[in-house]
Amino acid sequence: MRNIPLALLVGGLLATSAAQASDAQDWLLKLQKAEQQKSFHGTFVYERDGSFSTHGIWHEVDSAGAVKERLLQLDGVPYEVLRTNGKTDCSSGGPVEQSGESQSWLTHALDPQQLSQWYDLRDAGESRVAGRNAVVLALVPRDQHRYGFELHLDRETGLPLKSLLINEDGHVLERFQFTNFVPQAAADGLATTPSGECRPVQVAESKVLPDNAWRSEWVPPGFTLSSILQRRSSASSEPVACMLYGDGLTQFSVFFEPLRGARVEDARSQLGPTVAVSRHMPTADGEVMVTVVGEIPLGTAERIALSIRPGEAQSLQ
């Protein structure tokens, strides 16, 4: 066997890796543009925690650039939701299901350069989904504090045909996959007209709290605070504050609810990729229940919950 200088071998591997990363970044940019510019309809299956459901979707971009989506659950409990630019306009059949929100990150402004700091972006080859040729991208986390993604993008349009959310052991926590996909050249608005059962969603009024209302002594690298809001709880009418963090792809929230003497146990739970960790925290105004919710590993959520402290301007009054 011919000897190959180590420097040349390593250089070739690095060049291949860099080329794959560059291709993956190009496809992520194509995905972002496609979501905001192209119309389509189809049927997809959603899987989480061993449970499957089937959905119809109509995604339309009007002449003004507004993105409208209508979702129908086709099995089990009837469910419908209409969204405009990622915000829910109306829904029927009960509270918004996780499956209806599972791909909401796709409407976010994806920044491949930012993501490459926290995920290894790779071109993982080719696949075929819903009878269409697809490019496979792997977003492999660079630490243990976030999950990985596998995206199958339609080679023609750049739109997502399949996505997998994968934990550190390689297990699929969440699956989104089209079984039928039809791109549309133009949208007439009829497909995204809701039925009479779709009721307007009332959004609770909220106010912005100062950045130092609450603080966290630790969050995973790459996650930054985007907002601190406060609104009335629909369950208890108590004022609930919320801190929202994101890394450009994944988000988690930290909620603060006054207990007012109520006895509530600390808790931790996980449903598919979504975890919730709650603990008591004493403050000058009494005990508060701190709850971390997001699609992050359970151990990460527990560490975040333990790091939360009242800020200088903390007030839930």
# chains A, B, ... in the order shown; residues from 1 in each chain; ligands from 1

$ residues_around --residues "Leu115 of chain A" --least-positions-apart "5" --cutoff "10 Å" --atoms "only C-alpha atoms" --output "VMD selection string"
chain A and resid 25 110 120 to 121 139 141 222 247 to 249

$ closest_atom_pairs --of "segment 17-75 of chain A" --to "segment 84-91 of chain A" --cutoff "12 Å" --atoms "only C-alpha atoms" --output "tab-separated table"
residue	atom	partner	partner_atom	distance
A:Glu35	CA	A:Asn85	CA	10.5
A:Gln36	CA	A:Asn85	CA	9.0
A:Gln37	CA	A:Asn85	CA	11.9
A:Trp58	CA	A:Thr84	CA	11.8
A:His59	CA	A:Thr84	CA	9.9
A:Glu60	CA	A:Thr84	CA	9.7
A:Val61	CA	A:Asn85	CA	9.6
A:Asp62	CA	A:Thr84	CA	10.7
A:Ala64	CA	A:Asn85	CA	11.8
A:Gly65	CA	A:Asn85	CA	9.3
A:Ala66	CA	A:Asn85	CA	6.2
A:Val67	CA	A:Asn85	CA	5.0
A:Lys68	CA	A:Thr84	CA	4.5
A:Glu69	CA	A:Thr84	CA	6.5
A:Arg70	CA	A:Thr84	CA	9.0
A:Leu71	CA	A:Ser91	CA	9.3
A:Leu72	CA	A:Ser91	CA	9.8
A:Gln73	CA	A:Ser91	CA	11.4

$ write_last_selection --atoms "all heavy atoms" --output "short mmCIF file (atom, residue, chain, number, x, y, z; two decimals), in the first residue's frame"
data_model
loop_
_atom_site.label_atom_id
_atom_site.label_comp_id
_atom_site.auth_asym_id
_atom_site.auth_seq_id
_atom_site.Cartn_x
_atom_site.Cartn_y
_atom_site.Cartn_z
N GLU A 35 -39.12 28.78 2.89
CA GLU A 35 -40.24 28.87 3.83
C GLU A 35 -40.98 30.20 3.70
O GLU A 35 -42.18 30.28 3.94
CB GLU A 35 -39.73 28.70 5.27
CG GLU A 35 -39.47 27.27 5.69
CD GLU A 35 -40.74 26.54 6.02
OE1 GLU A 35 -41.62 27.12 6.64
OE2 GLU A 35 -40.83 25.36 5.65
N GLN A 36 -40.25 31.25 3.35
CA GLN A 36 -40.83 32.59 3.28
C GLN A 36 -41.31 32.95 1.87
O GLN A 36 -41.96 33.98 1.70
CB GLN A 36 -39.79 33.63 3.73
CG GLN A 36 -39.28 33.41 5.14
CD GLN A 36 -40.37 33.49 6.18
OE1 GLN A 36 -41.26 34.33 6.11
NE2 GLN A 36 -40.33 32.60 7.15
N GLN A 37 -41.01 32.11 0.87
CA GLN A 37 -41.32 32.50 -0.51
C GLN A 37 -42.15 31.49 -1.28
O GLN A 37 -42.77 31.85 -2.28
CB GLN A 37 -40.00 32.73 -1.28
CG GLN A 37 -39.15 33.86 -0.72
CD GLN A 37 -37.81 33.98 -1.42
OE1 GLN A 37 -37.48 33.19 -2.32
NE2 GLN A 37 -37.01 34.96 -1.02
N TRP A 58 -51.59 23.31 4.54
CA TRP A 58 -51.61 24.23 3.40
C TRP A 58 -50.77 25.44 3.79
O TRP A 58 -51.07 26.13 4.76
CB TRP A 58 -53.04 24.66 3.07
CG TRP A 58 -53.88 23.53 2.57
CD1 TRP A 58 -54.17 23.22 1.28
CD2 TRP A 58 -54.58 22.56 3.38
NE1 TRP A 58 -54.98 22.11 1.22
CE2 TRP A 58 -55.25 21.68 2.49
CE3 TRP A 58 -54.68 22.34 4.76
CZ2 TRP A 58 -56.00 20.61 2.94
CZ3 TRP A 58 -55.43 21.27 5.20
CH2 TRP A 58 -56.09 20.42 4.30
N HIS A 59 -49.71 25.65 3.06
CA HIS A 59 -48.75 26.72 3.36
C HIS A 59 -48.75 27.66 2.16
O HIS A 59 -48.38 27.27 1.04
CB HIS A 59 -47.36 26.10 3.57
CG HIS A 59 -46.27 27.09 3.83
ND1 HIS A 59 -45.74 27.31 5.08
CD2 HIS A 59 -45.57 27.91 3.00
CE1 HIS A 59 -44.77 28.21 5.01
NE2 HIS A 59 -44.65 28.60 3.75
N GLU A 60 -49.19 28.90 2.37
CA GLU A 60 -49.33 29.84 1.26
C GLU A 60 -48.62 31.16 1.57
O GLU A 60 -48.71 31.67 2.69
CB GLU A 60 -50.80 30.11 0.96
CG GLU A 60 -51.54 28.88 0.46
CD GLU A 60 -52.94 29.19 -0.02
OE1 GLU A 60 -53.44 30.30 0.29
OE2 GLU A 60 -53.54 28.34 -0.70
N VAL A 61 -47.95 31.69 0.57
CA VAL A 61 -47.29 32.99 0.67
C VAL A 61 -48.02 33.94 -0.28
O VAL A 61 -48.07 33.70 -1.49
CB VAL A 61 -45.80 32.91 0.29
CG1 VAL A 61 -45.13 34.27 0.46
CG2 VAL A 61 -45.09 31.85 1.12
N ASP A 62 -48.64 35.00 0.27
CA ASP A 62 -49.41 35.90 -0.58
C ASP A 62 -48.52 36.93 -1.26
O ASP A 62 -47.30 36.97 -1.05
CB ASP A 62 -50.56 36.56 0.19
CG ASP A 62 -50.08 37.49 1.30
OD1 ASP A 62 -48.92 37.95 1.25
OD2 ASP A 62 -50.87 37.76 2.22
N ALA A 64 -48.14 39.96 -0.75
CA ALA A 64 -47.51 40.91 0.17
C ALA A 64 -46.40 40.26 0.99
O ALA A 64 -45.75 40.92 1.80
CB ALA A 64 -48.54 41.53 1.10
N GLY A 65 -46.20 38.95 0.81
CA GLY A 65 -45.16 38.25 1.54
C GLY A 65 -45.60 37.64 2.85
O GLY A 65 -44.77 37.05 3.56
N ALA A 66 -46.89 37.74 3.19
CA ALA A 66 -47.39 37.13 4.42
C ALA A 66 -47.47 35.61 4.24
O ALA A 66 -47.89 35.12 3.19
CB ALA A 66 -48.76 37.69 4.77
N VAL A 67 -47.03 34.87 5.27
CA VAL A 67 -47.04 33.41 5.23
C VAL A 67 -48.20 32.91 6.07
O VAL A 67 -48.28 33.16 7.27
CB VAL A 67 -45.71 32.84 5.78
CG1 VAL A 67 -45.74 31.32 5.74
CG2 VAL A 67 -44.54 33.37 4.98
N LYS A 68 -49.13 32.19 5.41
CA LYS A 68 -50.28 31.62 6.11
C LYS A 68 -50.19 30.10 6.07
O LYS A 68 -49.85 29.52 5.04
CB LYS A 68 -51.58 32.09 5.48
CG LYS A 68 -51.90 33.55 5.74
CD LYS A 68 -53.33 33.89 5.34
CE LYS A 68 -53.69 35.30 5.74
NZ LYS A 68 -55.11 35.62 5.45
N GLU A 69 -50.52 29.48 7.20
CA GLU A 69 -50.53 28.02 7.30
C GLU A 69 -51.82 27.56 7.94
O GLU A 69 -52.25 28.11 8.96
CB GLU A 69 -49.35 27.50 8.13
CG GLU A 69 -48.05 27.38 7.37
CD GLU A 69 -47.01 26.61 8.14
OE1 GLU A 69 -47.13 26.52 9.38
OE2 GLU A 69 -46.07 26.12 7.50
N ARG A 70 -52.43 26.55 7.32
CA ARG A 70 -53.63 25.91 7.90
C ARG A 70 -53.30 24.45 8.13
O ARG A 70 -52.82 23.76 7.22
CB ARG A 70 -54.82 26.05 6.97
CG ARG A 70 -56.11 25.43 7.51
CD ARG A 70 -57.28 25.76 6.62
NE ARG A 70 -58.50 25.09 7.06
CZ ARG A 70 -59.19 24.21 6.32
NH1 ARG A 70 -58.79 23.94 5.08
NH2 ARG A 70 -60.28 23.65 6.79
N LEU A 71 -53.52 23.98 9.35
CA LEU A 71 -53.23 22.60 9.72
C LEU A 71 -54.51 21.90 10.15
O LEU A 71 -55.32 22.48 10.89
CB LEU A 71 -52.23 22.55 10.88
CG LEU A 71 -50.77 22.89 10.58
CD1 LEU A 71 -50.03 23.17 11.88
CD2 LEU A 71 -50.11 21.75 9.84
N LEU A 72 -54.69 20.67 9.69
CA LEU A 72 -55.82 19.84 10.12
C LEU A 72 -55.29 18.51 10.62
O LEU A 72 -54.47 17.87 9.95
CB LEU A 72 -56.78 19.58 8.96
CG LEU A 72 -57.62 20.73 8.44
CD1 LEU A 72 -58.47 20.25 7.26
CD2 LEU A 72 -58.52 21.28 9.54
N GLN A 73 -55.74 18.09 11.81
CA GLN A 73 -55.40 16.75 12.27
C GLN A 73 -56.39 15.78 11.64
O GLN A 73 -57.60 15.95 11.79
CB GLN A 73 -55.44 16.67 13.80
CG GLN A 73 -55.02 15.31 14.33
CD GLN A 73 -54.64 15.35 15.80
OE1 GLN A 73 -53.73 16.06 16.18
NE2 GLN A 73 -55.35 14.58 16.61
#

$ closest_atom_pairs --of "segment 173-221 of chain A" --to "segment 269-288 of chain A" --cutoff "12 Å" --atoms "only C-alpha atoms" --output "tab-separated table"
residue	atom	partner	partner_atom	distance
A:Leu173	CA	A:Gly272	CA	5.2
A:Glu174	CA	A:Gly272	CA	6.5
A:Arg175	CA	A:Gly272	CA	10.0
A:Trp214	CA	A:Thr283	CA	11.0

$ write_last_selection --atoms "N, CA and C atoms" --output "PDB file, in the first residue's frame"
ATOM      1  N   LEU A 173     -36.352  11.357  19.093  1.00  0.00           N
ATOM      2  CA  LEU A 173     -37.310  11.863  20.066  1.00  0.00           C
ATOM      3  C   LEU A 173     -38.551  12.435  19.385  1.00  0.00           C
ATOM      4  N   GLU A 174     -38.395  12.892  18.157  1.00  0.00           N
ATOM      5  CA  GLU A 174     -39.500  13.518  17.444  1.00  0.00           C
ATOM      6  C   GLU A 174     -39.269  13.349  15.950  1.00  0.00           C
ATOM      7  N   ARG A 175     -40.348  13.020  15.226  1.00  0.00           N
ATOM      8  CA  ARG A 175     -40.263  12.828  13.777  1.00  0.00           C
ATOM      9  C   ARG A 175     -41.374  13.619  13.092  1.00  0.00           C
ATOM     10  N   TRP A 214     -35.178  39.010  36.785  1.00  0.00           N
ATOM     11  CA  TRP A 214     -34.709  37.702  37.222  1.00  0.00           C
ATOM     12  C   TRP A 214     -33.362  37.463  36.559  1.00  0.00           C
TER      13      TRP A 214
END

$ atom_distance --atom1 "atom CA of Arg303 of chain A" --atom2 "atom CA of Ser216 of chain A"
10.2 Å

$ residues_around --residues "Pro194 of chain A" --least-positions-apart "4" --cutoff "8 Å" --atoms "only C-alpha atoms" --output "VMD selection string"
chain A and resid 70 81 to 82 198

$ closest_residue --among "A:Gly148, A:Met289, A:Arg199, A:Gln184" --to "Ser163 of chain A" --atoms "only C-alpha atoms"
A:Gly148

$ select_by_dssp --residues "segment 14-239 of chain A" --states "helix (DSSP H, G or I)" --output "number ranges by chain"
A: 14-37, 98-101, 104-107, 112-115

$ residues_around --residues "segment 255-259 of chain A" --least-positions-apart "2" --cutoff "8 Å" --atoms "only C-alpha atoms" --output "JSON, numbers by chain"
{"A": [238, 239, 240, 241, 242, 243, 253, 261, 262, 263, 264, 286, 287, 288, 289, 290, 291, 292, 316]}

$ write_last_selection --atoms "N, CA and C atoms" --output "compact mmCIF listing (two decimals), in the first residue's frame"
# COMPACT_ATOMS: atom_id res chain seq x y z
N GLU A 238 -52.89 34.46 38.53
CA GLU A 238 -51.70 35.05 39.12
C GLU A 238 -50.80 35.62 38.02
N PRO A 239 -50.03 36.67 38.32
CA PRO A 239 -49.07 37.18 37.33
C PRO A 239 -47.90 36.20 37.20
N VAL A 240 -47.64 35.75 35.98
CA VAL A 240 -46.57 34.79 35.71
C VAL A 240 -45.54 35.46 34.81
N ALA A 241 -44.29 35.46 35.26
CA ALA A 241 -43.21 36.01 34.44
C ALA A 241 -42.56 34.88 33.64
N CYS A 242 -41.97 35.24 32.50
CA CYS A 242 -41.35 34.24 31.64
C CYS A 242 -40.09 34.81 31.00
N MET A 243 -38.99 34.07 31.12
CA MET A 243 -37.74 34.40 30.43
C MET A 243 -37.59 33.44 29.25
N SER A 253 -37.86 28.07 27.92
CA SER A 253 -38.47 29.15 28.70
C SER A 253 -38.35 28.85 30.18
N GLY A 261 -48.54 30.67 49.34
CA GLY A 261 -48.80 29.71 50.40
C GLY A 261 -49.27 28.35 49.93
N ALA A 262 -49.52 28.18 48.64
CA ALA A 262 -49.98 26.89 48.12
C ALA A 262 -48.86 25.86 48.25
N ARG A 263 -49.25 24.61 48.51
CA ARG A 263 -48.27 23.53 48.65
C ARG A 263 -48.19 22.76 47.32
N VAL A 264 -47.09 22.93 46.65
CA VAL A 264 -46.86 22.27 45.36
C VAL A 264 -45.50 21.60 45.40
N GLY A 286 -42.13 35.99 49.07
CA GLY A 286 -42.69 34.67 49.26
C GLY A 286 -42.16 33.67 48.25
N GLU A 287 -42.58 32.41 48.40
CA GLU A 287 -42.07 31.36 47.52
C GLU A 287 -42.64 31.49 46.12
N VAL A 288 -41.78 31.17 45.15
CA VAL A 288 -42.15 31.19 43.74
C VAL A 288 -41.81 29.82 43.15
N MET A 289 -42.70 29.33 42.28
CA MET A 289 -42.40 28.09 41.56
C MET A 289 -41.69 28.44 40.26
N VAL A 290 -40.45 27.94 40.13
CA VAL A 290 -39.66 28.16 38.91
C VAL A 290 -39.78 26.92 38.04
N THR A 291 -40.17 27.09 36.79
CA THR A 291 -40.35 25.96 35.87
C THR A 291 -39.60 26.22 34.58
N VAL A 292 -38.72 25.30 34.22
CA VAL A 292 -37.97 25.36 32.96
C VAL A 292 -38.64 24.40 31.99
N LEU A 316 -43.24 40.69 41.16
CA LEU A 316 -44.40 40.05 40.52
C LEU A 316 -45.70 40.73 40.97

$ residues_around --residues "Trp27 of chain A" --least-positions-apart "5" --cutoff "12 Å" --atoms "only C-alpha atoms" --output "MDAnalysis selection string"
chainID A and resid 20:22 32:34 110:112 121:124 134:138 151:160

$ select_by_dssp --residues "segment 158-225 of chain A" --states "strand (DSSP E)" --output "ChimeraX atom specification"
/A:160-166,172-184,199-200,206-208,214-216,224-225

$ closest_residue --among "A:Pro210, A:Gly42, A:Gly170, A:Gly56" --to "Gln230 of chain A" --atoms "only C-alpha atoms"
A:Pro210

$ residues_around --residues "Val129 of chain A" --least-positions-apart "4" --cutoff "8 Å" --atoms "only C-alpha atoms" --output "PyMOL selection string"
chain A and resi 133-134+152+161-162+177-179
